[in-house]
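Here the structure is laid out as structure tokens; the discussion comes afterwards.
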Number of protein chains: 2
Amino acid sequence: MSVTIKDIARKVGVAPSTVSRVLSNKSKYYTSETAEMVRKAARELGYKKNQAAVELVKKSSNVIAAVVSSVRTNFAQQILDGIQEEAHKNGYNLIIVYSGSADPEEQKHALLTAIERPVMGILLLSIALTDDNLQLLQSSDVPYCFLSMGFDDDRPFISSDDEDIGYQATNLLINEGHRQIGIAGIDQYPYTGRKRLAGYKKALKEANIAINQEWIKPGDYSYTSGEQAMKAFGKNTDLTGIIAASDMTAIGILNQASSFGIEVPKDLSIVSIDGTEMCKITRPQLTSISQDFFQMGVTGVQQIHQSVKNGSNRIVSQQFIPVNPVIRKSTARLG
Amino acid sequence: MSVTIKDIARKVGVAPSTVSRVLSNKSKYYTSETAEMVRKAARELGYKKNQAAVELVKKSSNVIAAVVSSVRTNFAQQILDGIQEEAHKNGYNLIIVYSGSADPEEQKHALLTAIERPVMGILLLSIALTDDNLQLLQSSDVPYCFLSMGFDDDRPFISSDDEDIGYQATNLLINEGHRQIGIAGIDQYPYTGRKRLAGYKKALKEANIAINQEWIKPGDYSYTSGEQAMKAFGKNTDLTGIIAASDMTAIGILNQASSFGIEVPKDLSIVSIDGTEMCKITRPQLTSISQDFFQMGVTGVQQIHQSVKNGSNRIVSQQFIPVNPVIRKSTARLG
DNA sequence: CTGAAAGCGCTAACAA
DNA sequence: TTGTTAGCGCTTTCAG
């Protein structure tokens, strides 16, 4: 049987409520002597708070839950680091719950793991929730926010401006004199890919470059997508620049290009999207439109903090975190 | 106010205990009609179980906690995937708690987040706990186990046999005719590095190769460690093979070698340790001694499962998960 | 099969 | 400043 405040109350000779006050630092309600005795006894008995009991009576906790997809996304880590840092700064605890992105049942399971206890807020990392599960989430009155994903409807999110990403990536190449520019590895129809594609087309249009469907090779942001796209473009492609949907995709393109004997950036420029550490360990290092994943995490926690503080318990804002181009070695001026 | 079993009891016209029985599937204690009504009402009211209350009374839960270091380890993901899969299979929930590997206070914070609620067990992923915090962990009567780390003392762990890793890596090179073999990026003194080094030396000795301190460049398993080690070995090194402490270290070595104009594997063979996806996206692909991280996670959950089932609430075993060499393109026969 | 009642460990009024 | 008391929402005897 584990030791409770009653045990330590008995040992010290005070009431349980006094012990409770000391142990939860209700600073103005006890003398330093009692505090001392209580703390000493607690230490000696090896007391550990039963959070379940605390949460039951307080109906609130200092726990933030992050639901992440178990799909391998190499930037999830950075978002989590941001969440962790900001949470820690505010004295919040973080628990992370995994969910396969695909299976609705597993999603629900993960969601319930978070919802069925009094968490302060829920942050969803690149999870595409089914409608049922979104409803479930909304029905709990816990503030929630999607991270690194945007939506057309009005649900709260914090992400990069995907259209801007596509636009900046394309312009980066255009400004270096490129006019035959491909884009590879994005998913055309969901929000993220669609927006990036829109930015790409917008930049092309502004530069009076006709859009060529052959230049667009959809995929799933993976290494393989990059490889396959490059294979499809072919050894003798007339493209002089390619935009990769992710860092992994960029590496796929890079490797396949090198297999073709195409030299990057002399023969072909590559712009990656994401800007994770991966960009620095390739040869040549990858120029990228870098997203500030860490900041997304930080902002997410701040949003929860706000909405709890003002009692609204609902996050409404849709926010973009600025992206910025980082020039490394995979792009060169055409000429 | 959120809806409770009382609310649904009132609505259906039964006692709260009946509702409880239905909702927790005490299958033999209610008719299917009552069950139907209860479930319907629960659905309509949007009932969500308050786990805090459940855990308070049951003093147990189906939650497994994984404590991970926020240090970027690219295999943590694989361990977590293994944990998640096996947990899900057994109907357990998983929560993950972050902890900076270094700061004892943050370690404690993370540990308490896990301990202060009735978790079934705690899995620690590549975390070096301070003595105080280890004590804290032991004082709770929750089964725990370290994953992917070994120890000299008797605490429970599941990891690869690090001596075997060093031994196999070295022999892989020796069997290809190499006799000048370096090792780079390991931390010499902690358990993992020390054991790997021991395996390396053992293999060398068995092949009657004298150990040369110049061949050993310690580090911290990072990309930079690899780069620096290769720089230290130099452009004109007489080494024909190098063992890298991790995949990232191997990539650092590979890149620096390529900067030197050294061709892998023609001029230099590299054996990596870990065998994550990284090995497949380099050119050449990296030969590795691959660890079965996924299996470590699976076994960890099974251990907890066992120790809870047999009521011991204590894991005692120290287990090695076999490693295996995967030949890719970064090694070649010396000739 | 169902209801009544007790209590898990803690906090938060309310008194003293 | 401290003690007393009443629950938080749920499960679980124990009766019926």
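Lettering and numbering for the structure tokens are positional, with chains as A, B, ... in the shown order, residues counted from 1 in each chain, and ligands counted from 1 in the shown order.
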
- Task: Output as a PyMOL selection string the set of chain B residues within 8 Å of chain A, with distances taken over only C-alpha atoms.
- Result: chain B and resi 46+48-53+55-56+70+72+77+81+84+93-98+110+113+116-118+139+223+251-252+255+281-283

Pull N, CA, C and O atoms from the residues just selected and write them as a compact mmCIF listing (two decimals), in the first residue's frame.
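part.txt, written as the output of this step:
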```
# COMPACT_ATOMS: atom_id res chain seq x y z
N GLY B 46 -23.12 12.12 -24.83
CA GLY B 46 -21.70 12.40 -25.10
C GLY B 46 -20.84 12.09 -23.89
O GLY B 46 -19.92 12.84 -23.56
N LYS B 48 -18.07 10.75 -21.48
CA LYS B 48 -16.68 10.34 -21.55
C LYS B 48 -16.22 9.92 -20.16
O LYS B 48 -16.43 10.64 -19.18
N LYS B 49 -15.62 8.79 -20.10
CA LYS B 49 -15.17 8.25 -18.81
C LYS B 49 -14.15 9.19 -18.18
O LYS B 49 -13.31 9.75 -18.87
N ASN B 50 -14.22 9.35 -16.90
CA ASN B 50 -13.20 10.11 -16.20
C ASN B 50 -12.16 9.14 -15.66
O ASN B 50 -12.34 8.52 -14.61
N GLN B 51 -11.08 9.02 -16.37
CA GLN B 51 -10.07 8.03 -16.00
C GLN B 51 -9.46 8.33 -14.63
O GLN B 51 -9.04 7.41 -13.92
N ALA B 52 -9.40 9.59 -14.27
CA ALA B 52 -8.84 9.93 -12.96
C ALA B 52 -9.62 9.22 -11.87
O ALA B 52 -9.04 8.64 -10.95
N ALA B 53 -10.94 9.22 -12.00
CA ALA B 53 -11.78 8.56 -11.01
C ALA B 53 -11.57 7.05 -11.03
O ALA B 53 -11.46 6.40 -9.99
N GLU B 55 -8.95 5.40 -12.05
CA GLU B 55 -7.63 5.04 -11.55
C GLU B 55 -7.55 5.22 -10.04
O GLU B 55 -6.86 4.47 -9.35
N LEU B 56 -8.28 6.21 -9.55
CA LEU B 56 -8.27 6.43 -8.11
C LEU B 56 -8.81 5.21 -7.37
O LEU B 56 -8.23 4.75 -6.39
N SER B 70 15.28 13.85 -24.88
CA SER B 70 14.94 14.72 -26.00
C SER B 70 16.12 14.85 -26.96
O SER B 70 16.02 15.49 -28.00
N ARG B 72 18.36 14.02 -29.87
CA ARG B 72 17.92 13.47 -31.14
C ARG B 72 18.56 12.11 -31.40
O ARG B 72 19.71 12.00 -31.80
N GLN B 77 12.48 6.38 -32.39
CA GLN B 77 11.23 6.19 -33.12
C GLN B 77 10.91 4.71 -33.33
O GLN B 77 9.78 4.27 -33.14
N ASP B 81 7.83 2.62 -31.92
CA ASP B 81 6.92 1.88 -32.79
C ASP B 81 6.69 0.47 -32.25
O ASP B 81 5.57 -0.04 -32.25
N GLN B 84 4.58 0.68 -29.11
CA GLN B 84 3.21 1.01 -29.49
C GLN B 84 2.47 -0.20 -30.03
O GLN B 84 1.35 -0.50 -29.63
N ASN B 93 -2.50 1.43 -23.19
CA ASN B 93 -2.27 2.75 -23.75
C ASN B 93 -0.83 3.14 -23.51
O ASN B 93 -0.21 2.72 -22.54
N LEU B 94 -0.33 3.98 -24.38
CA LEU B 94 1.05 4.42 -24.23
C LEU B 94 1.08 5.92 -24.07
O LEU B 94 0.44 6.65 -24.81
N ILE B 95 1.79 6.38 -23.07
CA ILE B 95 2.09 7.81 -23.04
C ILE B 95 3.61 7.96 -23.01
O ILE B 95 4.32 7.14 -22.43
N ILE B 96 4.07 8.99 -23.67
CA ILE B 96 5.49 9.22 -23.76
C ILE B 96 5.82 10.51 -23.02
O ILE B 96 5.10 11.49 -23.14
N VAL B 97 6.85 10.45 -22.23
CA VAL B 97 7.25 11.64 -21.50
C VAL B 97 8.67 12.00 -21.91
O VAL B 97 9.53 11.13 -21.98
N TYR B 98 8.90 13.26 -22.19
CA TYR B 98 10.22 13.70 -22.60
C TYR B 98 11.09 14.08 -21.42
O TYR B 98 10.61 14.56 -20.42
N ALA B 110 10.25 14.57 -15.37
CA ALA B 110 9.70 13.61 -16.32
C ALA B 110 9.29 12.32 -15.62
O ALA B 110 8.21 11.77 -15.84
N THR B 113 6.15 12.78 -13.62
CA THR B 113 4.98 12.82 -14.49
C THR B 113 4.47 11.40 -14.74
O THR B 113 3.27 11.16 -14.79
N GLU B 116 3.63 9.54 -10.79
CA GLU B 116 2.54 10.06 -9.96
C GLU B 116 1.16 9.71 -10.47
O GLU B 116 0.18 10.38 -10.13
N ARG B 117 1.09 8.74 -11.30
CA ARG B 117 -0.22 8.20 -11.62
C ARG B 117 -0.01 6.70 -11.79
O ARG B 117 1.11 6.24 -11.98
N PRO B 118 -1.09 5.96 -11.66
CA PRO B 118 -0.89 4.52 -11.61
C PRO B 118 -0.59 3.91 -12.97
O PRO B 118 -1.46 3.33 -13.60
N SER B 139 11.82 3.30 -5.84
CA SER B 139 10.97 3.42 -4.66
C SER B 139 9.49 3.29 -5.01
O SER B 139 8.67 2.92 -4.18
N TYR B 223 27.06 13.15 -36.11
CA TYR B 223 27.58 13.41 -37.45
C TYR B 223 28.95 14.08 -37.35
O TYR B 223 29.91 13.68 -38.01
N ILE B 251 27.92 8.69 -41.69
CA ILE B 251 27.70 9.67 -42.77
C ILE B 251 28.74 10.79 -42.67
O ILE B 251 29.27 11.27 -43.68
N GLY B 252 29.05 11.19 -41.46
CA GLY B 252 30.09 12.20 -41.27
C GLY B 252 31.43 11.73 -41.83
O GLY B 252 32.13 12.47 -42.52
N ASN B 255 31.22 11.61 -45.74
CA ASN B 255 31.32 12.92 -46.38
C ASN B 255 32.73 13.49 -46.31
O ASN B 255 33.23 14.05 -47.27
N ILE B 281 19.95 5.74 -47.66
CA ILE B 281 19.83 6.95 -48.48
C ILE B 281 21.18 7.61 -48.72
O ILE B 281 21.24 8.71 -49.26
N THR B 282 22.26 6.95 -48.33
CA THR B 282 23.56 7.51 -48.66
C THR B 282 24.07 6.86 -49.93
O THR B 282 23.58 5.80 -50.34
N ARG B 283 25.02 7.47 -50.55
CA ARG B 283 25.71 6.86 -51.67
C ARG B 283 27.18 6.79 -51.33
O ARG B 283 27.78 7.84 -51.13
```

As an mmCIF file with N, CA and C atoms, in the first residue's frame, which residues of segment 159-291 of chain A does DSSP assign to helix (DSSP H, G or I)?
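Below is the file that was written, selection_20.cif:
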```
data_model
loop_
_atom_site.group_PDB
_atom_site.id
_atom_site.type_symbol
_atom_site.label_atom_id
_atom_site.label_comp_id
_atom_site.auth_asym_id
_atom_site.auth_seq_id
_atom_site.Cartn_x
_atom_site.Cartn_y
_atom_site.Cartn_z
ATOM 1 N N ASP A 162 1.543 27.186 -46.742
ATOM 2 C CA ASP A 162 2.015 26.268 -47.776
ATOM 3 C C ASP A 162 2.047 26.900 -49.162
ATOM 4 N N GLU A 163 1.137 27.812 -49.399
ATOM 5 C CA GLU A 163 1.168 28.484 -50.696
ATOM 6 C C GLU A 163 2.445 29.330 -50.802
ATOM 7 N N ASP A 164 2.769 29.980 -49.706
ATOM 8 C CA ASP A 164 3.985 30.789 -49.673
ATOM 9 C C ASP A 164 5.225 29.913 -49.877
ATOM 10 N N ILE A 165 5.212 28.740 -49.301
ATOM 11 C CA ILE A 165 6.337 27.821 -49.480
ATOM 12 C C ILE A 165 6.543 27.505 -50.954
ATOM 13 N N GLY A 166 5.459 27.133 -51.622
ATOM 14 C CA GLY A 166 5.548 26.818 -53.043
ATOM 15 C C GLY A 166 6.015 28.022 -53.843
ATOM 16 N N TYR A 167 5.482 29.174 -53.463
ATOM 17 C CA TYR A 167 5.797 30.423 -54.150
ATOM 18 C C TYR A 167 7.275 30.790 -53.985
ATOM 19 N N GLN A 168 7.738 30.743 -52.752
ATOM 20 C CA GLN A 168 9.132 31.103 -52.474
ATOM 21 C C GLN A 168 10.113 30.133 -53.128
ATOM 22 N N ALA A 169 9.787 28.857 -53.054
ATOM 23 C CA ALA A 169 10.675 27.853 -53.643
ATOM 24 C C ALA A 169 10.817 28.097 -55.143
ATOM 25 N N THR A 170 9.694 28.356 -55.770
ATOM 26 C CA THR A 170 9.702 28.558 -57.219
ATOM 27 C C THR A 170 10.452 29.839 -57.581
ATOM 28 N N ASN A 171 10.171 30.897 -56.855
ATOM 29 C CA ASN A 171 10.836 32.165 -57.136
ATOM 30 C C ASN A 171 12.334 32.108 -56.895
ATOM 31 N N LEU A 172 12.713 31.329 -55.913
ATOM 32 C CA LEU A 172 14.140 31.174 -55.647
ATOM 33 C C LEU A 172 14.839 30.675 -56.904
ATOM 34 N N LEU A 173 14.203 29.741 -57.556
ATOM 35 C CA LEU A 173 14.766 29.181 -58.787
ATOM 36 C C LEU A 173 14.649 30.177 -59.942
ATOM 37 N N ILE A 174 13.498 30.803 -60.059
ATOM 38 C CA ILE A 174 13.284 31.779 -61.139
ATOM 39 C C ILE A 174 14.314 32.906 -61.050
ATOM 40 N N TYR A 191 -4.880 19.486 -48.571
ATOM 41 C CA TYR A 191 -4.580 20.903 -48.371
ATOM 42 C C TYR A 191 -3.126 21.273 -48.632
ATOM 43 N N THR A 192 -2.223 20.589 -47.929
ATOM 44 C CA THR A 192 -0.815 20.974 -47.993
ATOM 45 C C THR A 192 -0.269 20.967 -49.414
ATOM 46 N N GLY A 193 -0.423 19.850 -50.097
ATOM 47 C CA GLY A 193 0.095 19.738 -51.442
ATOM 48 C C GLY A 193 -0.604 20.690 -52.400
ATOM 49 N N ARG A 194 -1.886 20.803 -52.239
ATOM 50 C CA ARG A 194 -2.681 21.663 -53.114
ATOM 51 C C ARG A 194 -2.202 23.115 -53.019
ATOM 52 N N LYS A 195 -1.982 23.552 -51.790
ATOM 53 C CA LYS A 195 -1.544 24.933 -51.583
ATOM 54 C C LYS A 195 -0.141 25.169 -52.143
ATOM 55 N N ARG A 196 0.724 24.184 -51.926
ATOM 56 C CA ARG A 196 2.090 24.354 -52.425
ATOM 57 C C ARG A 196 2.097 24.431 -53.946
ATOM 58 N N LEU A 197 1.265 23.609 -54.521
ATOM 59 C CA LEU A 197 1.141 23.597 -55.961
ATOM 60 C C LEU A 197 0.601 24.945 -56.447
ATOM 61 N N ALA A 198 -0.339 25.473 -55.719
ATOM 62 C CA ALA A 198 -0.907 26.778 -56.082
ATOM 63 C C ALA A 198 0.175 27.855 -56.044
ATOM 64 N N GLY A 199 1.026 27.811 -55.033
ATOM 65 C CA GLY A 199 2.107 28.796 -54.932
ATOM 66 C C GLY A 199 3.089 28.659 -56.086
ATOM 67 N N TYR A 200 3.351 27.422 -56.423
ATOM 68 C CA TYR A 200 4.250 27.121 -57.546
ATOM 69 C C TYR A 200 3.690 27.695 -58.841
ATOM 70 N N LYS A 201 2.408 27.459 -59.055
ATOM 71 C CA LYS A 201 1.782 27.942 -60.290
ATOM 72 C C LYS A 201 1.702 29.460 -60.332
ATOM 73 N N LYS A 202 1.455 30.030 -59.184
ATOM 74 C CA LYS A 202 1.360 31.483 -59.095
ATOM 75 C C LYS A 202 2.691 32.118 -59.506
ATOM 76 N N ALA A 203 3.782 31.580 -58.953
ATOM 77 C CA ALA A 203 5.103 32.130 -59.264
ATOM 78 C C ALA A 203 5.425 31.968 -60.744
ATOM 79 N N LEU A 204 5.097 30.813 -61.267
ATOM 80 C CA LEU A 204 5.341 30.549 -62.682
ATOM 81 C C LEU A 204 4.579 31.556 -63.553
ATOM 82 N N LYS A 205 3.326 31.740 -63.210
ATOM 83 C CA LYS A 205 2.464 32.645 -63.966
ATOM 84 C C LYS A 205 3.026 34.063 -63.950
ATOM 85 N N GLU A 206 3.423 34.497 -62.770
ATOM 86 C CA GLU A 206 3.964 35.851 -62.639
ATOM 87 C C GLU A 206 5.213 36.037 -63.491
ATOM 88 N N GLN A 213 2.204 20.170 -67.331
ATOM 89 C CA GLN A 213 1.798 19.091 -66.420
ATOM 90 C C GLN A 213 2.896 18.041 -66.249
ATOM 91 N N GLU A 214 3.733 17.905 -67.242
ATOM 92 C CA GLU A 214 4.833 16.945 -67.160
ATOM 93 C C GLU A 214 5.823 17.302 -66.057
ATOM 94 N N TRP A 215 5.802 18.547 -65.672
ATOM 95 C CA TRP A 215 6.763 19.000 -64.649
ATOM 96 C C TRP A 215 6.320 18.639 -63.236
ATOM 97 N N TYR A 223 11.259 9.501 -49.553
ATOM 98 C CA TYR A 223 12.497 9.317 -50.301
ATOM 99 C C TYR A 223 12.191 8.670 -51.654
ATOM 100 N N THR A 224 11.372 7.642 -51.606
ATOM 101 C CA THR A 224 11.005 6.915 -52.817
ATOM 102 C C THR A 224 10.298 7.809 -53.839
ATOM 103 N N SER A 225 9.438 8.687 -53.332
ATOM 104 C CA SER A 225 8.776 9.639 -54.225
ATOM 105 C C SER A 225 9.791 10.437 -55.030
ATOM 106 N N GLY A 226 10.857 10.836 -54.351
ATOM 107 C CA GLY A 226 11.886 11.630 -55.019
ATOM 108 C C GLY A 226 12.603 10.826 -56.082
ATOM 109 N N GLU A 227 12.980 9.628 -55.690
ATOM 110 C CA GLU A 227 13.658 8.733 -56.623
ATOM 111 C C GLU A 227 12.816 8.510 -57.877
ATOM 112 N N GLN A 228 11.550 8.176 -57.639
ATOM 113 C CA GLN A 228 10.665 7.854 -58.756
ATOM 114 C C GLN A 228 10.384 9.059 -59.638
ATOM 115 N N ALA A 229 10.210 10.194 -59.013
ATOM 116 C CA ALA A 229 9.976 11.412 -59.786
ATOM 117 C C ALA A 229 11.165 11.678 -60.709
ATOM 118 N N MET A 230 12.356 11.539 -60.153
ATOM 119 C CA MET A 230 13.552 11.814 -60.952
ATOM 120 C C MET A 230 13.672 10.807 -62.094
ATOM 121 N N LYS A 231 13.333 9.559 -61.777
ATOM 122 C CA LYS A 231 13.335 8.547 -62.831
ATOM 123 C C LYS A 231 12.354 8.936 -63.931
ATOM 124 N N ALA A 232 11.198 9.428 -63.534
ATOM 125 C CA ALA A 232 10.171 9.812 -64.496
ATOM 126 C C ALA A 232 10.621 11.017 -65.320
ATOM 127 N N PHE A 233 11.245 11.959 -64.676
ATOM 128 C CA PHE A 233 11.759 13.108 -65.439
ATOM 129 C C PHE A 233 12.798 12.610 -66.446
ATOM 130 N N ASP A 247 12.534 17.101 -47.367
ATOM 131 C CA ASP A 247 13.970 16.838 -47.394
ATOM 132 C C ASP A 247 14.262 15.428 -47.883
ATOM 133 N N MET A 248 13.455 14.484 -47.445
ATOM 134 C CA MET A 248 13.659 13.103 -47.862
ATOM 135 C C MET A 248 13.462 12.956 -49.368
ATOM 136 N N THR A 249 12.440 13.594 -49.867
ATOM 137 C CA THR A 249 12.193 13.581 -51.307
ATOM 138 C C THR A 249 13.388 14.178 -52.056
ATOM 139 N N ALA A 250 13.908 15.256 -51.499
ATOM 140 C CA ALA A 250 15.056 15.910 -52.140
ATOM 141 C C ALA A 250 16.247 14.956 -52.224
ATOM 142 N N ILE A 251 16.455 14.196 -51.170
ATOM 143 C CA ILE A 251 17.574 13.254 -51.175
ATOM 144 C C ILE A 251 17.352 12.163 -52.216
ATOM 145 N N GLY A 252 16.117 11.730 -52.346
ATOM 146 C CA GLY A 252 15.785 10.755 -53.372
ATOM 147 C C GLY A 252 16.106 11.281 -54.762
ATOM 148 N N ILE A 253 15.726 12.526 -54.995
ATOM 149 C CA ILE A 253 15.999 13.163 -56.289
ATOM 150 C C ILE A 253 17.507 13.262 -56.510
ATOM 151 N N LEU A 254 18.177 13.713 -55.474
ATOM 152 C CA LEU A 254 19.627 13.907 -55.542
ATOM 153 C C LEU A 254 20.337 12.608 -55.914
ATOM 154 N N ASN A 255 19.968 11.534 -55.225
ATOM 155 C CA ASN A 255 20.627 10.260 -55.471
ATOM 156 C C ASN A 255 20.336 9.727 -56.870
ATOM 157 N N GLN A 256 19.087 9.859 -57.276
ATOM 158 C CA GLN A 256 18.728 9.354 -58.593
ATOM 159 C C GLN A 256 19.408 10.188 -59.679
ATOM 160 N N ALA A 257 19.473 11.482 -59.467
ATOM 161 C CA ALA A 257 20.158 12.357 -60.418
ATOM 162 C C ALA A 257 21.610 11.927 -60.537
ATOM 163 N N SER A 258 22.202 11.657 -59.396
ATOM 164 C CA SER A 258 23.608 11.269 -59.422
ATOM 165 C C SER A 258 23.789 9.932 -60.128
ATOM 166 N N SER A 259 22.817 9.041 -59.988
ATOM 167 C CA SER A 259 22.876 7.784 -60.732
ATOM 168 C C SER A 259 22.813 8.023 -62.234
ATOM 169 N N GLU A 277 17.752 18.842 -40.342
ATOM 170 C CA GLU A 277 19.181 18.530 -40.295
ATOM 171 C C GLU A 277 19.637 17.743 -41.520
ATOM 172 N N MET A 278 18.719 17.010 -42.105
ATOM 173 C CA MET A 278 19.037 16.212 -43.286
ATOM 174 C C MET A 278 19.724 17.044 -44.362
ATOM 175 N N CYS A 279 19.318 18.283 -44.485
ATOM 176 C CA CYS A 279 19.858 19.146 -45.538
ATOM 177 C C CYS A 279 21.358 19.346 -45.411
ATOM 178 N N LYS A 280 21.850 19.199 -44.200
ATOM 179 C CA LYS A 280 23.264 19.502 -43.963
ATOM 180 C C LYS A 280 24.165 18.290 -44.127
#
```

- Message: Within 7 Å of chain B, which residues belong to chain C? Use only C-alpha atoms (C1' of nucleotides) and report them as a list in words.
- Response: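 Per the criterion, chain C yields DC1, DT2, DG3 and DC8 of chain C.
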
Expected file: the selected residues, all heavy atoms, as a compact mmCIF listing (two decimals), in the first residue's frame:
```
# COMPACT_ATOMS: atom_id res chain seq x y z
P DC C 1 -28.11 -12.58 -16.26
OP1 DC C 1 -28.06 -12.17 -17.65
OP2 DC C 1 -26.87 -13.05 -15.65
O5' DC C 1 -28.59 -11.38 -15.37
C5' DC C 1 -29.46 -10.42 -15.89
C4' DC C 1 -29.97 -9.64 -14.74
O4' DC C 1 -29.59 -10.28 -13.50
C3' DC C 1 -29.39 -8.23 -14.64
O3' DC C 1 -30.46 -7.32 -14.86
C2' DC C 1 -28.86 -8.09 -13.22
C1' DC C 1 -29.52 -9.25 -12.51
N1 DC C 1 -28.73 -9.82 -11.36
C2 DC C 1 -29.11 -9.50 -10.05
O2 DC C 1 -30.09 -8.73 -9.89
N3 DC C 1 -28.42 -10.00 -9.00
C4 DC C 1 -27.39 -10.82 -9.23
N4 DC C 1 -26.75 -11.30 -8.16
C5 DC C 1 -26.99 -11.18 -10.55
C6 DC C 1 -27.68 -10.66 -11.58
P DT C 2 -30.27 -5.81 -15.11
OP1 DT C 2 -31.43 -5.27 -15.84
OP2 DT C 2 -28.91 -5.68 -15.64
O5' DT C 2 -30.32 -5.22 -13.64
C5' DT C 2 -31.58 -5.10 -12.99
C4' DT C 2 -31.36 -4.59 -11.60
O4' DT C 2 -30.49 -5.48 -10.87
C3' DT C 2 -30.69 -3.22 -11.51
O3' DT C 2 -31.64 -2.33 -10.95
C2' DT C 2 -29.49 -3.42 -10.62
C1' DT C 2 -29.82 -4.72 -9.91
N1 DT C 2 -28.67 -5.55 -9.44
C2 DT C 2 -28.50 -5.75 -8.09
O2 DT C 2 -29.22 -5.28 -7.25
N3 DT C 2 -27.42 -6.54 -7.77
C4 DT C 2 -26.53 -7.13 -8.65
O4 DT C 2 -25.61 -7.82 -8.23
C5 DT C 2 -26.77 -6.88 -10.04
C7 DT C 2 -25.86 -7.47 -11.08
C6 DT C 2 -27.82 -6.11 -10.39
P DG C 3 -31.34 -0.75 -10.92
OP1 DG C 3 -32.57 -0.03 -11.33
OP2 DG C 3 -30.07 -0.49 -11.60
O5' DG C 3 -31.15 -0.52 -9.35
C5' DG C 3 -32.17 -0.96 -8.48
C4' DG C 3 -31.74 -0.80 -7.04
O4' DG C 3 -30.72 -1.80 -6.74
C3' DG C 3 -31.11 0.55 -6.70
O3' DG C 3 -31.64 0.98 -5.45
C2' DG C 3 -29.62 0.25 -6.60
C1' DG C 3 -29.61 -1.20 -6.12
N9 DG C 3 -28.45 -1.95 -6.56
C8 DG C 3 -28.02 -2.12 -7.85
N7 DG C 3 -26.96 -2.88 -7.95
C5 DG C 3 -26.67 -3.23 -6.64
C6 DG C 3 -25.62 -4.04 -6.14
O6 DG C 3 -24.74 -4.63 -6.75
N1 DG C 3 -25.68 -4.13 -4.75
C2 DG C 3 -26.62 -3.52 -3.96
N2 DG C 3 -26.50 -3.72 -2.66
N3 DG C 3 -27.61 -2.77 -4.42
C4 DG C 3 -27.57 -2.67 -5.78
P DC C 8 -10.61 4.50 1.71
OP1 DC C 8 -10.18 3.46 2.64
OP2 DC C 8 -10.78 5.89 2.16
O5' DC C 8 -9.61 4.51 0.46
C5' DC C 8 -9.47 3.40 -0.40
C4' DC C 8 -9.13 3.92 -1.79
O4' DC C 8 -10.34 4.27 -2.46
C3' DC C 8 -8.27 5.17 -1.76
O3' DC C 8 -6.90 4.79 -1.98
C2' DC C 8 -8.78 6.02 -2.91
C1' DC C 8 -10.14 5.40 -3.30
N1 DC C 8 -11.34 6.26 -3.13
C2 DC C 8 -12.22 6.48 -4.20
O2 DC C 8 -11.96 5.97 -5.30
N3 DC C 8 -13.31 7.25 -4.02
C4 DC C 8 -13.55 7.79 -2.82
N4 DC C 8 -14.66 8.53 -2.69
C5 DC C 8 -12.69 7.57 -1.71
C6 DC C 8 -11.60 6.81 -1.91
```

- A straight line from atom CA of Phe260 of chain A to atom CA of Gly177 of chain A spans 23.3 Å

- Enumerate as a PyMOL selection string the residues belonging to chain D that approach chain B to within 7 Å, with only C-alpha atoms (C1' of nucleotides) taken into account. chain D and resi 9-11

- Using DSSP on the backbone, list every residue of segment 197-317 of chain A that comes out as strand (DSSP E or B), and give them as a PyMOL selection string. chain A and resi 216-217+241-244+269-274+287-290

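In this model, the gap between atom CA of Gln303 of chain B and atom CA of Asp103 of chain A comes to 27.1 Å.
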
- Query: When you draw a straight line from atom CA of Ala41 of chain A to atom CA of Lys26 of chain A, how long is it in Å?
  - Reply: 18.0 Å

- Message: Let me make sure I understand: among B:Thr237, B:Gln180, B:Ser269, B:Ser148, which one has the smallest atom-to-atom distance to Ala210 of chain B if we use only C-alpha atoms?
- Response: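 Closest to Ala210 of chain B of all the choices is B:Gln180.
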
- Item | 8 Å contact set for segment 127-135 of chain B, only C-alpha atoms (C1' of nucleotides), chain neighbours under 4 positions out, as a count of residues only | 12

- Query: Which neighbours of Gly185 of chain A fall inside 6 Å, counting only C-alpha atoms (C1' of nucleotides), when residues of the same chain fewer than 4 positions from it are skipped, and could you give them as a list of chain:residue names?
  - Reply: A:Pro218, A:Gly219, A:Asp220, A:Tyr221, A:Ser225, A:Gly226, A:Ala245

File dump, residues just selected, C-alpha atoms, as a compact mmCIF listing (two decimals), in the first residue's frame:
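The resulting file, selection_8.txt, is shown below:
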```
# COMPACT_ATOMS: atom_id res chain seq x y z
CA PRO A 218 2.98 13.88 -57.25
CA GLY A 219 3.99 11.57 -54.44
CA ASP A 220 3.87 11.12 -50.71
CA TYR A 221 6.79 13.21 -49.45
CA SER A 225 8.78 9.64 -54.23
CA GLY A 226 11.89 11.63 -55.02
CA ALA A 245 8.18 18.12 -51.37
```

- Task: Rank nothing, just name the residue among A:Gly297, A:Gly182, A:Gly82, A:Gly121 nearest to Ile270 of chain A, using only C-alpha atoms.
- Result: A:Gly182

- Hey, what's within 9 Å of Val38 of chain B if we count only C-alpha atoms (C1' of nucleotides) and toss same-chain stuff fewer than 2 positions away? As a list in words, please?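 What passes the distance filter is Ile8, Ala9, Lys11, Val12, Val14, Thr18, Val19, Val22, Leu23, Glu33, Thr34, Ala35, Glu36, Lys40, Ala41, Ala42 and Arg43 of chain B.
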